[in-house]
$ cat query_31.pdb   # PDB, C-alpha atoms and all ligand atoms
ATOM      1  CA  MET A   1      82.422 108.085  86.640  1.00  0.00           C
ATOM      2  CA  ASN A   2      80.746 109.535  83.568  1.00  0.00           C
ATOM      3  CA  VAL A   3      82.262 110.959  80.389  1.00  0.00           C
ATOM      4  CA  VAL A   4      82.491 114.516  81.777  1.00  0.00           C
ATOM      5  CA  GLU A   5      84.325 113.334  84.883  1.00  0.00           C
ATOM      6  CA  LEU A   6      86.729 111.132  82.937  1.00  0.00           C
ATOM      7  CA  LYS A   7      87.443 113.956  80.482  1.00  0.00           C
ATOM      8  CA  ASP A   8      88.353 116.222  83.423  1.00  0.00           C
ATOM      9  CA  ARG A   9      90.646 113.588  84.863  1.00  0.00           C
ATOM     10  CA  LEU A  10      92.374 112.983  81.513  1.00  0.00           C
ATOM     11  CA  LEU A  11      92.830 116.695  80.852  1.00  0.00           C
ATOM     12  CA  ASN A  12      94.170 117.137  84.381  1.00  0.00           C
ATOM     13  CA  LEU A  13      96.975 114.682  83.572  1.00  0.00           C
ATOM     14  CA  VAL A  14      98.846 117.391  81.689  1.00  0.00           C
ATOM     15  CA  GLU A  15      99.287 119.266  84.975  1.00  0.00           C
ATOM     16  CA  ILE A  16     100.330 116.091  86.738  1.00  0.00           C
ATOM     17  CA  PHE A  17     102.868 115.233  84.034  1.00  0.00           C
ATOM     18  CA  GLU A  18     104.218 118.805  84.079  1.00  0.00           C
ATOM     19  CA  GLU A  19     104.664 118.475  87.837  1.00  0.00           C
ATOM     20  CA  LYS A  20     106.295 115.030  87.501  1.00  0.00           C
ATOM     21  CA  GLU A  21     108.310 115.771  84.353  1.00  0.00           C
ATOM     22  CA  GLY A  22     111.558 116.174  86.299  1.00  0.00           C
ATOM     23  CA  LEU A  23     111.069 112.894  88.155  1.00  0.00           C
ATOM     24  CA  LEU A  24     110.296 110.971  84.952  1.00  0.00           C
ATOM     25  CA  THR A  25     113.274 112.553  83.192  1.00  0.00           C
ATOM     26  CA  GLU A  26     115.531 111.550  86.067  1.00  0.00           C
ATOM     27  CA  LEU A  27     114.219 107.962  86.075  1.00  0.00           C
ATOM     28  CA  ASP A  28     114.603 107.636  82.300  1.00  0.00           C
ATOM     29  CA  ARG A  29     118.095 109.182  82.429  1.00  0.00           C
ATOM     30  CA  ALA A  30     119.173 106.446  84.818  1.00  0.00           C
ATOM     31  CA  ILE A  31     118.035 103.493  82.685  1.00  0.00           C
ATOM     32  CA  GLY A  32     117.069 104.996  79.317  1.00  0.00           C
ATOM     33  CA  ASP A  33     117.525 108.116  77.218  1.00  0.00           C
ATOM     34  CA  GLY A  34     115.904 110.716  79.465  1.00  0.00           C
ATOM     35  CA  ASP A  35     112.941 111.585  77.246  1.00  0.00           C
ATOM     36  CA  HIS A  36     110.035 109.978  79.123  1.00  0.00           C
ATOM     37  CA  GLY A  37     109.032 113.136  81.036  1.00  0.00           C
ATOM     38  CA  VAL A  38     109.053 115.278  77.886  1.00  0.00           C
ATOM     39  CA  ASN A  39     107.228 112.540  75.944  1.00  0.00           C
ATOM     40  CA  MET A  40     104.367 112.308  78.458  1.00  0.00           C
ATOM     41  CA  VAL A  41     103.930 116.088  78.702  1.00  0.00           C
ATOM     42  CA  ARG A  42     103.862 116.383  74.905  1.00  0.00           C
ATOM     43  CA  GLY A  43     101.269 113.609  74.603  1.00  0.00           C
ATOM     44  CA  PHE A  44      98.871 115.004  77.200  1.00  0.00           C
ATOM     45  CA  LYS A  45      99.314 118.614  76.050  1.00  0.00           C
ATOM     46  CA  ALA A  46      97.866 117.547  72.698  1.00  0.00           C
ATOM     47  CA  LEU A  47      94.653 116.226  74.301  1.00  0.00           C
ATOM     48  CA  PRO A  48      92.543 119.420  74.614  1.00  0.00           C
ATOM     49  CA  ASP A  49      92.726 120.081  70.852  1.00  0.00           C
ATOM     50  CA  ASN A  50      92.140 116.496  69.823  1.00  0.00           C
ATOM     51  CA  ILE A  51      89.683 114.723  72.104  1.00  0.00           C
ATOM     52  CA  ASP A  52      86.117 113.966  71.155  1.00  0.00           C
ATOM     53  CA  ASP A  53      83.929 113.846  74.274  1.00  0.00           C
ATOM     54  CA  SER A  54      80.676 112.961  72.532  1.00  0.00           C
ATOM     55  CA  SER A  55      80.675 109.560  74.279  1.00  0.00           C
ATOM     56  CA  MET A  56      82.832 107.482  76.633  1.00  0.00           C
ATOM     57  CA  GLN A  57      83.905 105.355  73.649  1.00  0.00           C
ATOM     58  CA  SER A  58      84.950 108.318  71.516  1.00  0.00           C
ATOM     59  CA  LEU A  59      86.687 109.990  74.475  1.00  0.00           C
ATOM     60  CA  LEU A  60      88.905 106.957  75.083  1.00  0.00           C
ATOM     61  CA  LYS A  61      89.477 106.273  71.397  1.00  0.00           C
ATOM     62  CA  SER A  62      90.444 109.874  70.591  1.00  0.00           C
ATOM     63  CA  THR A  63      92.703 109.930  73.664  1.00  0.00           C
ATOM     64  CA  GLY A  64      94.444 106.786  72.410  1.00  0.00           C
ATOM     65  CA  MET A  65      94.912 108.150  68.898  1.00  0.00           C
ATOM     66  CA  THR A  66      96.258 111.438  70.278  1.00  0.00           C
ATOM     67  CA  LEU A  67      98.686 109.725  72.638  1.00  0.00           C
ATOM     68  CA  MET A  68      99.814 107.372  69.883  1.00  0.00           C
ATOM     69  CA  SER A  69     100.789 110.231  67.598  1.00  0.00           C
ATOM     70  CA  ASN A  70     102.150 112.646  70.218  1.00  0.00           C
ATOM     71  CA  ILE A  71     104.005 110.812  73.000  1.00  0.00           C
ATOM     72  CA  GLY A  72     106.570 109.121  70.775  1.00  0.00           C
ATOM     73  CA  GLY A  73     109.191 106.680  72.042  1.00  0.00           C
ATOM     74  CA  ALA A  74     108.286 103.129  73.004  1.00  0.00           C
ATOM     75  CA  SER A  75     105.595 104.298  75.413  1.00  0.00           C
ATOM     76  CA  GLY A  76     103.463 106.275  72.901  1.00  0.00           C
ATOM     77  CA  PRO A  77     102.275 103.293  70.851  1.00  0.00           C
ATOM     78  CA  LEU A  78     101.816 101.225  74.043  1.00  0.00           C
ATOM     79  CA  TYR A  79      99.612 103.752  75.831  1.00  0.00           C
ATOM     80  CA  GLY A  80      97.884 104.799  72.599  1.00  0.00           C
ATOM     81  CA  PHE A  81      96.983 101.260  71.538  1.00  0.00           C
ATOM     82  CA  SER A  82      95.763 100.430  75.060  1.00  0.00           C
ATOM     83  CA  PHE A  83      93.378 103.399  75.246  1.00  0.00           C
ATOM     84  CA  VAL A  84      91.972 102.467  71.826  1.00  0.00           C
ATOM     85  CA  LYS A  85      91.472  98.867  72.994  1.00  0.00           C
ATOM     86  CA  VAL A  86      89.780 100.075  76.200  1.00  0.00           C
ATOM     87  CA  SER A  87      87.429 102.256  74.122  1.00  0.00           C
ATOM     88  CA  GLN A  88      86.125  99.057  72.517  1.00  0.00           C
ATOM     89  CA  VAL A  89      84.936  97.588  75.836  1.00  0.00           C
ATOM     90  CA  VAL A  90      83.946 100.677  77.830  1.00  0.00           C
ATOM     91  CA  GLU A  91      80.365 101.411  78.894  1.00  0.00           C
ATOM     92  CA  ASP A  92      78.793 104.858  79.373  1.00  0.00           C
ATOM     93  CA  ASP A  93      79.837 104.958  82.991  1.00  0.00           C
ATOM     94  CA  ILE A  94      82.894 103.514  84.738  1.00  0.00           C
ATOM     95  CA  ASN A  95      82.045 101.678  87.962  1.00  0.00           C
ATOM     96  CA  ASP A  96      83.685  99.086  90.236  1.00  0.00           C
ATOM     97  CA  LYS A  97      82.257  96.281  88.160  1.00  0.00           C
ATOM     98  CA  ASN A  98      83.304  97.316  84.664  1.00  0.00           C
ATOM     99  CA  LEU A  99      86.611  98.742  85.919  1.00  0.00           C
ATOM    100  CA  LYS A 100      87.765  95.116  86.043  1.00  0.00           C
ATOM    101  CA  THR A 101      87.166  94.774  82.293  1.00  0.00           C
ATOM    102  CA  ILE A 102      88.812  98.121  81.588  1.00  0.00           C
ATOM    103  CA  LEU A 103      91.994  97.309  83.515  1.00  0.00           C
ATOM    104  CA  ASN A 104      92.137  93.776  82.169  1.00  0.00           C
ATOM    105  CA  THR A 105      91.826  95.110  78.613  1.00  0.00           C
ATOM    106  CA  PHE A 106      94.496  97.740  79.287  1.00  0.00           C
ATOM    107  CA  ALA A 107      96.888  95.097  80.631  1.00  0.00           C
ATOM    108  CA  GLU A 108      96.160  92.664  77.792  1.00  0.00           C
ATOM    109  CA  ALA A 109      96.796  95.416  75.229  1.00  0.00           C
ATOM    110  CA  ILE A 110     100.207  96.232  76.738  1.00  0.00           C
ATOM    111  CA  ALA A 111     101.100  92.533  76.880  1.00  0.00           C
ATOM    112  CA  GLN A 112     100.072  92.054  73.260  1.00  0.00           C
ATOM    113  CA  ARG A 113     101.776  95.171  71.904  1.00  0.00           C
ATOM    114  CA  GLY A 114     104.873  95.028  74.131  1.00  0.00           C
ATOM    115  CA  LYS A 115     105.241  91.236  74.151  1.00  0.00           C
ATOM    116  CA  VAL A 116     105.879  91.698  77.838  1.00  0.00           C
ATOM    117  CA  GLU A 117     105.323  89.664  80.980  1.00  0.00           C
ATOM    118  CA  LEU A 118     105.223  90.517  84.669  1.00  0.00           C
ATOM    119  CA  ASN A 119     108.531  91.450  86.329  1.00  0.00           C
ATOM    120  CA  GLU A 120     110.307  92.631  83.183  1.00  0.00           C
ATOM    121  CA  LYS A 121     110.510  96.094  84.821  1.00  0.00           C
ATOM    122  CA  THR A 122     108.028  97.991  82.637  1.00  0.00           C
ATOM    123  CA  MET A 123     104.715  99.841  82.837  1.00  0.00           C
ATOM    124  CA  TYR A 124     103.066  96.419  82.557  1.00  0.00           C
ATOM    125  CA  ASP A 125     104.120  95.604  86.135  1.00  0.00           C
ATOM    126  CA  VAL A 126     101.850  98.381  87.435  1.00  0.00           C
ATOM    127  CA  ILE A 127      98.981  97.883  84.995  1.00  0.00           C
ATOM    128  CA  LYS A 128      98.816  94.092  85.362  1.00  0.00           C
ATOM    129  CA  ARG A 129      98.932  94.279  89.160  1.00  0.00           C
ATOM    130  CA  ALA A 130      96.215  96.949  89.132  1.00  0.00           C
ATOM    131  CA  SER A 131      94.085  94.652  86.993  1.00  0.00           C
ATOM    132  CA  GLU A 132      94.643  91.730  89.363  1.00  0.00           C
ATOM    133  CA  ALA A 133      93.792  93.857  92.396  1.00  0.00           C
ATOM    134  CA  ALA A 134      90.531  95.018  90.794  1.00  0.00           C
ATOM    135  CA  GLU A 135      89.699  91.433  89.912  1.00  0.00           C
ATOM    136  CA  ASN A 136      90.148  90.498  93.600  1.00  0.00           C
ATOM    137  CA  ASP A 137      87.996  93.456  94.735  1.00  0.00           C
ATOM    138  CA  GLU A 138      90.980  95.076  96.435  1.00  0.00           C
ATOM    139  CA  LYS A 139      90.807  98.849  96.789  1.00  0.00           C
ATOM    140  CA  LEU A 140      93.048 100.695  94.345  1.00  0.00           C
ATOM    141  CA  THR A 141      94.511 104.042  95.356  1.00  0.00           C
ATOM    142  CA  GLU A 142      97.447 106.088  94.106  1.00  0.00           C
ATOM    143  CA  GLU A 143      99.473 104.747  97.066  1.00  0.00           C
ATOM    144  CA  VAL A 144      98.746 101.167  96.075  1.00  0.00           C
ATOM    145  CA  LEU A 145      99.685 101.921  92.456  1.00  0.00           C
ATOM    146  CA  GLN A 146     102.904 103.565  93.654  1.00  0.00           C
ATOM    147  CA  SER A 147     103.761 100.430  95.632  1.00  0.00           C
ATOM    148  CA  TYR A 148     103.537  98.470  92.346  1.00  0.00           C
ATOM    149  CA  ALA A 149     105.869 100.951  90.604  1.00  0.00           C
ATOM    150  CA  ASP A 150     108.272 100.702  93.557  1.00  0.00           C
ATOM    151  CA  LEU A 151     108.494  96.932  93.004  1.00  0.00           C
ATOM    152  CA  THR A 152     110.243  97.627  89.665  1.00  0.00           C
ATOM    153  CA  LYS A 153     113.182  99.180  91.502  1.00  0.00           C
ATOM    154  CA  ASP A 154     114.929  96.015  92.624  1.00  0.00           C
ATOM    155  CA  ILE A 155     114.603  93.985  89.436  1.00  0.00           C
ATOM    156  CA  GLU A 156     116.534  93.853  86.190  1.00  0.00           C
ATOM    157  CA  ALA A 157     114.986  95.168  82.982  1.00  0.00           C
ATOM    158  CA  THR A 158     114.522  92.646  80.199  1.00  0.00           C
ATOM    159  CA  LYS A 159     112.400  94.757  77.797  1.00  0.00           C
ATOM    160  CA  GLY A 160     112.898  98.058  76.011  1.00  0.00           C
ATOM    161  CA  ARG A 161     115.825 100.428  76.210  1.00  0.00           C
ATOM    162  CA  ALA A 162     116.389  99.748  79.930  1.00  0.00           C
ATOM    163  CA  SER A 163     117.284  96.125  79.106  1.00  0.00           C
ATOM    164  CA  TYR A 164     120.552  97.375  77.531  1.00  0.00           C
ATOM    165  CA  PHE A 165     121.606  98.370  81.058  1.00  0.00           C
ATOM    166  CA  LYS A 166     121.308  94.745  82.209  1.00  0.00           C
ATOM    167  CA  GLU A 167     122.056  94.464  85.949  1.00  0.00           C
ATOM    168  CA  ALA A 168     122.886  98.187  86.089  1.00  0.00           C
ATOM    169  CA  SER A 169     119.135  98.781  85.691  1.00  0.00           C
ATOM    170  CA  ILE A 170     118.649  97.424  89.229  1.00  0.00           C
ATOM    171  CA  GLY A 171     118.120 100.156  91.830  1.00  0.00           C
ATOM    172  CA  HIS A 172     115.947 102.475  89.719  1.00  0.00           C
ATOM    173  CA  ILE A 173     112.156 102.604  89.351  1.00  0.00           C
ATOM    174  CA  ASP A 174     111.115 102.094  85.726  1.00  0.00           C
ATOM    175  CA  PRO A 175     109.954 105.415  84.202  1.00  0.00           C
ATOM    176  CA  GLY A 176     106.987 103.855  82.399  1.00  0.00           C
ATOM    177  CA  ALA A 177     105.898 102.114  85.604  1.00  0.00           C
ATOM    178  CA  GLN A 178     105.962 105.536  87.272  1.00  0.00           C
ATOM    179  CA  SER A 179     103.920 107.236  84.518  1.00  0.00           C
ATOM    180  CA  SER A 180     101.408 104.362  84.685  1.00  0.00           C
ATOM    181  CA  VAL A 181     100.703 105.250  88.314  1.00  0.00           C
ATOM    182  CA  TYR A 182      99.279 108.608  87.159  1.00  0.00           C
ATOM    183  CA  ILE A 183      97.426 107.211  84.147  1.00  0.00           C
ATOM    184  CA  ILE A 184      95.770 104.335  86.000  1.00  0.00           C
ATOM    185  CA  ASN A 185      94.976 106.650  88.908  1.00  0.00           C
ATOM    186  CA  ALA A 186      93.035 108.862  86.475  1.00  0.00           C
ATOM    187  CA  LEU A 187      91.004 105.878  85.257  1.00  0.00           C
ATOM    188  CA  ILE A 188      90.102 104.441  88.666  1.00  0.00           C
ATOM    189  CA  GLY A 189      88.350 107.603  89.898  1.00  0.00           C
ATOM    190  CA  ASP A 190      88.182 108.840  93.488  1.00  0.00           C
ATOM    191  CA  GLU A 191      85.503 107.072  95.370  1.00  0.00           C
TER     192      GLU A 191
HETATM  193  P1  LIG B 201     111.903 105.078  74.789  1.00  0.00           P
HETATM  194  O1  LIG B 201     112.302 103.871  75.571  1.00  0.00           O
HETATM  195  O2  LIG B 201     111.701 104.787  73.343  1.00  0.00           O
HETATM  196  O3  LIG B 201     112.788 106.265  75.050  1.00  0.00           O
HETATM  197  P2  LIG B 201     109.967 106.162  76.662  1.00  0.00           P
HETATM  198  O4  LIG B 201     111.130 106.662  77.418  1.00  0.00           O
HETATM  199  O5  LIG B 201     108.881 107.160  76.386  1.00  0.00           O
HETATM  200  O6  LIG B 201     110.411 105.484  75.310  1.00  0.00           O
HETATM  201  O7  LIG B 201     109.280 104.972  77.455  1.00  0.00           O
HETATM  202  C1  LIG B 201     110.031 104.008  78.144  1.00  0.00           C
HETATM  203  C2  LIG B 201     109.091 103.091  78.906  1.00  0.00           C
HETATM  204  O8  LIG B 201     108.356 102.269  77.989  1.00  0.00           O
HETATM  205  C3  LIG B 201     109.817 102.102  79.787  1.00  0.00           C
HETATM  206  O9  LIG B 201     110.096 102.692  81.044  1.00  0.00           O
HETATM  207  C4  LIG B 201     108.861 100.926  79.884  1.00  0.00           C
HETATM  208  O10 LIG B 201     107.958 101.059  80.987  1.00  0.00           O
HETATM  209  C5  LIG B 201     108.065 101.038  78.619  1.00  0.00           C
HETATM  210  N1  LIG B 201     108.402  99.961  77.681  1.00  0.00           N
HETATM  211  C6  LIG B 201     109.404  99.903  76.788  1.00  0.00           C
HETATM  212  N2  LIG B 201     109.369  98.751  76.079  1.00  0.00           N
HETATM  213  C7  LIG B 201     108.293  98.059  76.543  1.00  0.00           C
HETATM  214  C8  LIG B 201     107.675  96.795  76.226  1.00  0.00           C
HETATM  215  N3  LIG B 201     108.153  95.995  75.272  1.00  0.00           N
HETATM  216  N4  LIG B 201     106.569  96.439  76.915  1.00  0.00           N
HETATM  217  C9  LIG B 201     106.041  97.239  77.881  1.00  0.00           C
HETATM  218  N5  LIG B 201     106.569  98.429  78.205  1.00  0.00           N
HETATM  219  C10 LIG B 201     107.667  98.826  77.572  1.00  0.00           C
HETATM  220 MG    MG B 202     113.044 107.132  76.915  1.00  0.00          MG
END
$ encode --input "query_31.pdb" --output "structure tokens"
Amino acid sequence: MNVVELKDRLLNLVEIFEEKEGLLTELDRAIGDGDHGVNMVRGFKALPDNIDDSSMQSLLKSTGMTLMSNIGGASGPLYGFSFVKVSQVVEDDINDKNLKTILNTFAEAIAQRGKVELNEKTMYDVIKRASEAAENDEKLTEEVLQSYADLTKDIEATKGRASYFKEASIGHIDPGAQSSVYIINALIGDE
């Protein structure tokens, strides 16, 4: 995937988040404050006016900066910081080989910024598992990513706003895990 293709996929996320806004709102209403859908739409709507597509590095860095200042909430700095970190390791083209580095860097950035581990019911659960799957040469698809988000349903949240719900957070998919399905799906490409 080259810079033009990745730019298309990132810009297309605004349509995906508009389509999924209701779902993300519903998930965040159950175990948060209900703003995750609106936050993601606002962040991705700001992309067309703010991204620099002169190289793969600048595309990912400008995406990160834009998301950081436009998503808001807990998720804005997490996604924003991660895209900036990924921009520091990306090559001109994303392929099966360097996708491992990209996903590992994304996961490490979330862990560092969110001080989060696996099974705390956050976006990290999807991103870390995606990174592990890539590392093991397993095929990643949107369905596989969704299965990782679904795993957050039956566990208790121990990070972020959802942790205030304690055991009442069980039974709901984490909203950030759900939004990560769409973001990571954009990065992995189609082939
Ligand atoms: P807020 O919680 O401030 O309203 P959002 O609703 O936009 O922000 O985002 C909530 C999502 O952020 C959660 O569903 C979770 O996936 C993620 N999140 C929150 N805190 C952390 C953390 N410390 N580490 C990783 N992810 C987190
Ligand atoms: Mg929220």
$ residues_around --input "query_31.pdb" --residues "Glu19 in chain A" --least-positions-apart "3" --cutoff "12 Å" --atoms "all atoms listed in the file" --output "mmCIF file with C-alpha atoms, in the coordinates of the input"
data_model
loop_
_atom_site.group_PDB
_atom_site.id
_atom_site.type_symbol
_atom_site.label_atom_id
_atom_site.label_comp_id
_atom_site.auth_asym_id
_atom_site.auth_seq_id
_atom_site.Cartn_x
_atom_site.Cartn_y
_atom_site.Cartn_z
ATOM 1 C CA ASN A 12 94.170 117.137 84.381
ATOM 2 C CA LEU A 13 96.975 114.682 83.572
ATOM 3 C CA VAL A 14 98.846 117.391 81.689
ATOM 4 C CA GLU A 15 99.287 119.266 84.975
ATOM 5 C CA ILE A 16 100.330 116.091 86.738
ATOM 6 C CA GLY A 22 111.558 116.174 86.299
ATOM 7 C CA LEU A 23 111.069 112.894 88.155
ATOM 8 C CA LEU A 24 110.296 110.971 84.952
ATOM 9 C CA THR A 25 113.274 112.553 83.192
ATOM 10 C CA GLY A 37 109.032 113.136 81.036
ATOM 11 C CA VAL A 38 109.053 115.278 77.886
ATOM 12 C CA MET A 40 104.367 112.308 78.458
ATOM 13 C CA VAL A 41 103.930 116.088 78.702
ATOM 14 C CA SER A 179 103.920 107.236 84.518
ATOM 15 C CA TYR A 182 99.279 108.608 87.159
#
$ residues_around --input "query_31.pdb" --residues "Gly160 in chain A" --least-positions-apart "4" --cutoff "10 Å" --atoms "only C-alpha atoms" --output "ChimeraX atom specification"
/A:32,74-75,114,116,120-122,164
$ residues_around --input "query_31.pdb" --residues "Arg9 in chain A" --least-positions-apart "2" --cutoff "10 Å" --atoms "only C-alpha atoms" --output "short mmCIF file (atom, residue, chain, number, x, y, z; two decimals) with C-alpha atoms, keeping the file's coordinate frame"
data_model
loop_
_atom_site.label_atom_id
_atom_site.label_comp_id
_atom_site.auth_asym_id
_atom_site.auth_seq_id
_atom_site.Cartn_x
_atom_site.Cartn_y
_atom_site.Cartn_z
CA VAL A 3 82.26 110.96 80.39
CA VAL A 4 82.49 114.52 81.78
CA GLU A 5 84.32 113.33 84.88
CA LEU A 6 86.73 111.13 82.94
CA LYS A 7 87.44 113.96 80.48
CA LEU A 11 92.83 116.70 80.85
CA ASN A 12 94.17 117.14 84.38
CA LEU A 13 96.98 114.68 83.57
CA VAL A 14 98.85 117.39 81.69
CA ILE A 183 97.43 107.21 84.15
CA ASN A 185 94.98 106.65 88.91
CA ALA A 186 93.04 108.86 86.48
CA LEU A 187 91.00 105.88 85.26
CA ILE A 188 90.10 104.44 88.67
CA GLY A 189 88.35 107.60 89.90
#
$ closest_residue --input "query_31.pdb" --among "A:Glu135, A:Asp174, A:Glu117, A:Asp53" --to "ligand LIG 201 (chain B)" --atoms "only C-alpha atoms and all ligand atoms"
A:Asp174
$ closest_atom_pairs --input "query_31.pdb" --of "chain A" --to "ligand MG 202 (chain B)" --cutoff "9 Å" --atoms "all atoms listed in the file" --output "tab-separated table"
residue	atom	partner	partner_atom	distance
A:Thr25	CA	B:MG202	MG	8.3
A:Asp28	CA	B:MG202	MG	5.6
A:Arg29	CA	B:MG202	MG	7.8
A:Ile31	CA	B:MG202	MG	8.5
A:Gly32	CA	B:MG202	MG	5.2
A:Asp33	CA	B:MG202	MG	4.6
A:Gly34	CA	B:MG202	MG	5.2
A:Asp35	CA	B:MG202	MG	4.5
A:His36	CA	B:MG202	MG	4.7
A:Gly37	CA	B:MG202	MG	8.3
A:Asn39	CA	B:MG202	MG	8.0
A:Gly73	CA	B:MG202	MG	6.2
A:Ala74	CA	B:MG202	MG	7.3
A:Ser75	CA	B:MG202	MG	8.1
A:Arg161	CA	B:MG202	MG	7.3
A:Ala162	CA	B:MG202	MG	8.6
A:Pro175	CA	B:MG202	MG	8.1
A:Gly176	CA	B:MG202	MG	8.8
$ write_last_selection --input "query_31.pdb" --atoms "C-alpha atoms" --output "JSON list (two decimals), keeping the file's coordinate frame"
[["chain", "number", "residue", "atom", "x", "y", "z"],
["A", 25, "THR", "CA", 113.27, 112.55, 83.19],
["A", 28, "ASP", "CA", 114.60, 107.64, 82.30],
["A", 29, "ARG", "CA", 118.10, 109.18, 82.43],
["A", 31, "ILE", "CA", 118.04, 103.49, 82.68],
["A", 32, "GLY", "CA", 117.07, 105.00, 79.32],
["A", 33, "ASP", "CA", 117.52, 108.12, 77.22],
["A", 34, "GLY", "CA", 115.90, 110.72, 79.46],
["A", 35, "ASP", "CA", 112.94, 111.58, 77.25],
["A", 36, "HIS", "CA", 110.04, 109.98, 79.12],
["A", 37, "GLY", "CA", 109.03, 113.14, 81.04],
["A", 39, "ASN", "CA", 107.23, 112.54, 75.94],
["A", 73, "GLY", "CA", 109.19, 106.68, 72.04],
["A", 74, "ALA", "CA", 108.29, 103.13, 73.00],
["A", 75, "SER", "CA", 105.60, 104.30, 75.41],
["A", 161, "ARG", "CA", 115.82, 100.43, 76.21],
["A", 162, "ALA", "CA", 116.39, 99.75, 79.93],
["A", 175, "PRO", "CA", 109.95, 105.42, 84.20],
["A", 176, "GLY", "CA", 106.99, 103.86, 82.40]]
$ residues_around --input "query_31.pdb" --residues "Tyr124 in chain A" --least-positions-apart "4" --cutoff "7 Å" --atoms "all atoms listed in the file" --output "PyMOL selection string"
chain A and resi 107+110+118+128
$ write_last_selection --input "query_31.pdb" --atoms "C-alpha atoms" --output "PDB file, in the coordinates of the input"
ATOM      1  CA  ALA A 107      96.888  95.097  80.631  1.00  0.00           C
ATOM      2  CA  ILE A 110     100.207  96.232  76.738  1.00  0.00           C
ATOM      3  CA  LEU A 118     105.223  90.517  84.669  1.00  0.00           C
ATOM      4  CA  LYS A 128      98.816  94.092  85.362  1.00  0.00           C
TER       5      LYS A 128
END
$ residues_around --input "query_31.pdb" --residues "range 95-99 of chain A" --least-positions-apart "5" --cutoff "8 Å" --atoms "all atoms listed in the file" --output "PyMOL selection string"
chain A and resi 1+90+134+188
$ atom_distance --input "query_31.pdb" --atom1 "CA of Gly171 in chain A" --atom2 "CA of Ile155 in chain A"
7.5 Å
$ build_atoms --input "query_31.pdb" --residues "range 163-178 of chain A" --atoms "N, CA and C atoms" --output "mmCIF file, in the frame of the given file"
data_model
loop_
_atom_site.group_PDB
_atom_site.id
_atom_site.type_symbol
_atom_site.label_atom_id
_atom_site.label_comp_id
_atom_site.auth_asym_id
_atom_site.auth_seq_id
_atom_site.Cartn_x
_atom_site.Cartn_y
_atom_site.Cartn_z
ATOM 1 N N SER A 163 116.671 97.458 79.092
ATOM 2 C CA SER A 163 117.284 96.125 79.106
ATOM 3 C C SER A 163 118.746 96.176 78.667
ATOM 4 N N TYR A 164 119.137 97.237 77.926
ATOM 5 C CA TYR A 164 120.552 97.375 77.531
ATOM 6 C C TYR A 164 121.445 97.600 78.748
ATOM 7 N N PHE A 165 120.829 98.083 79.846
ATOM 8 C CA PHE A 165 121.606 98.370 81.058
ATOM 9 C C PHE A 165 121.854 97.106 81.882
ATOM 10 N N LYS A 166 121.173 96.031 81.499
ATOM 11 C CA LYS A 166 121.308 94.745 82.209
ATOM 12 C C LYS A 166 121.232 94.937 83.733
ATOM 13 N N GLU A 167 122.199 94.373 84.488
ATOM 14 C CA GLU A 167 122.056 94.464 85.949
ATOM 15 C C GLU A 167 122.214 95.894 86.483
ATOM 16 N N ALA A 168 122.777 96.781 85.661
ATOM 17 C CA ALA A 168 122.886 98.187 86.089
ATOM 18 C C ALA A 168 121.507 98.867 86.141
ATOM 19 N N SER A 169 120.489 98.205 85.594
ATOM 20 C CA SER A 169 119.135 98.781 85.691
ATOM 21 C C SER A 169 118.541 98.567 87.089
ATOM 22 N N ILE A 170 119.139 97.678 87.869
ATOM 23 C CA ILE A 170 118.649 97.424 89.229
ATOM 24 C C ILE A 170 118.927 98.647 90.106
ATOM 25 N N GLY A 171 117.930 99.012 90.930
ATOM 26 C CA GLY A 171 118.120 100.156 91.830
ATOM 27 C C GLY A 171 117.375 101.394 91.389
ATOM 28 N N HIS A 172 116.703 101.323 90.232
ATOM 29 C CA HIS A 172 115.947 102.475 89.719
ATOM 30 C C HIS A 172 114.529 102.033 89.378
ATOM 31 N N ILE A 173 113.553 102.859 89.751
ATOM 32 C CA ILE A 173 112.156 102.604 89.351
ATOM 33 C C ILE A 173 112.061 102.796 87.839
ATOM 34 N N ASP A 174 111.308 101.949 87.168
ATOM 35 C CA ASP A 174 111.115 102.094 85.726
ATOM 36 C C ASP A 174 110.270 103.343 85.430
ATOM 37 N N PRO A 175 110.714 104.190 84.492
ATOM 38 C CA PRO A 175 109.954 105.415 84.202
ATOM 39 C C PRO A 175 108.525 105.164 83.719
ATOM 40 N N GLY A 176 108.341 104.148 82.883
ATOM 41 C CA GLY A 176 106.987 103.855 82.399
ATOM 42 C C GLY A 176 106.092 103.313 83.510
ATOM 43 N N ALA A 177 106.670 102.575 84.445
ATOM 44 C CA ALA A 177 105.898 102.114 85.604
ATOM 45 C C ALA A 177 105.439 103.336 86.405
ATOM 46 N N GLN A 178 106.319 104.321 86.526
ATOM 47 C CA GLN A 178 105.962 105.536 87.272
ATOM 48 C C GLN A 178 104.865 106.323 86.558
#
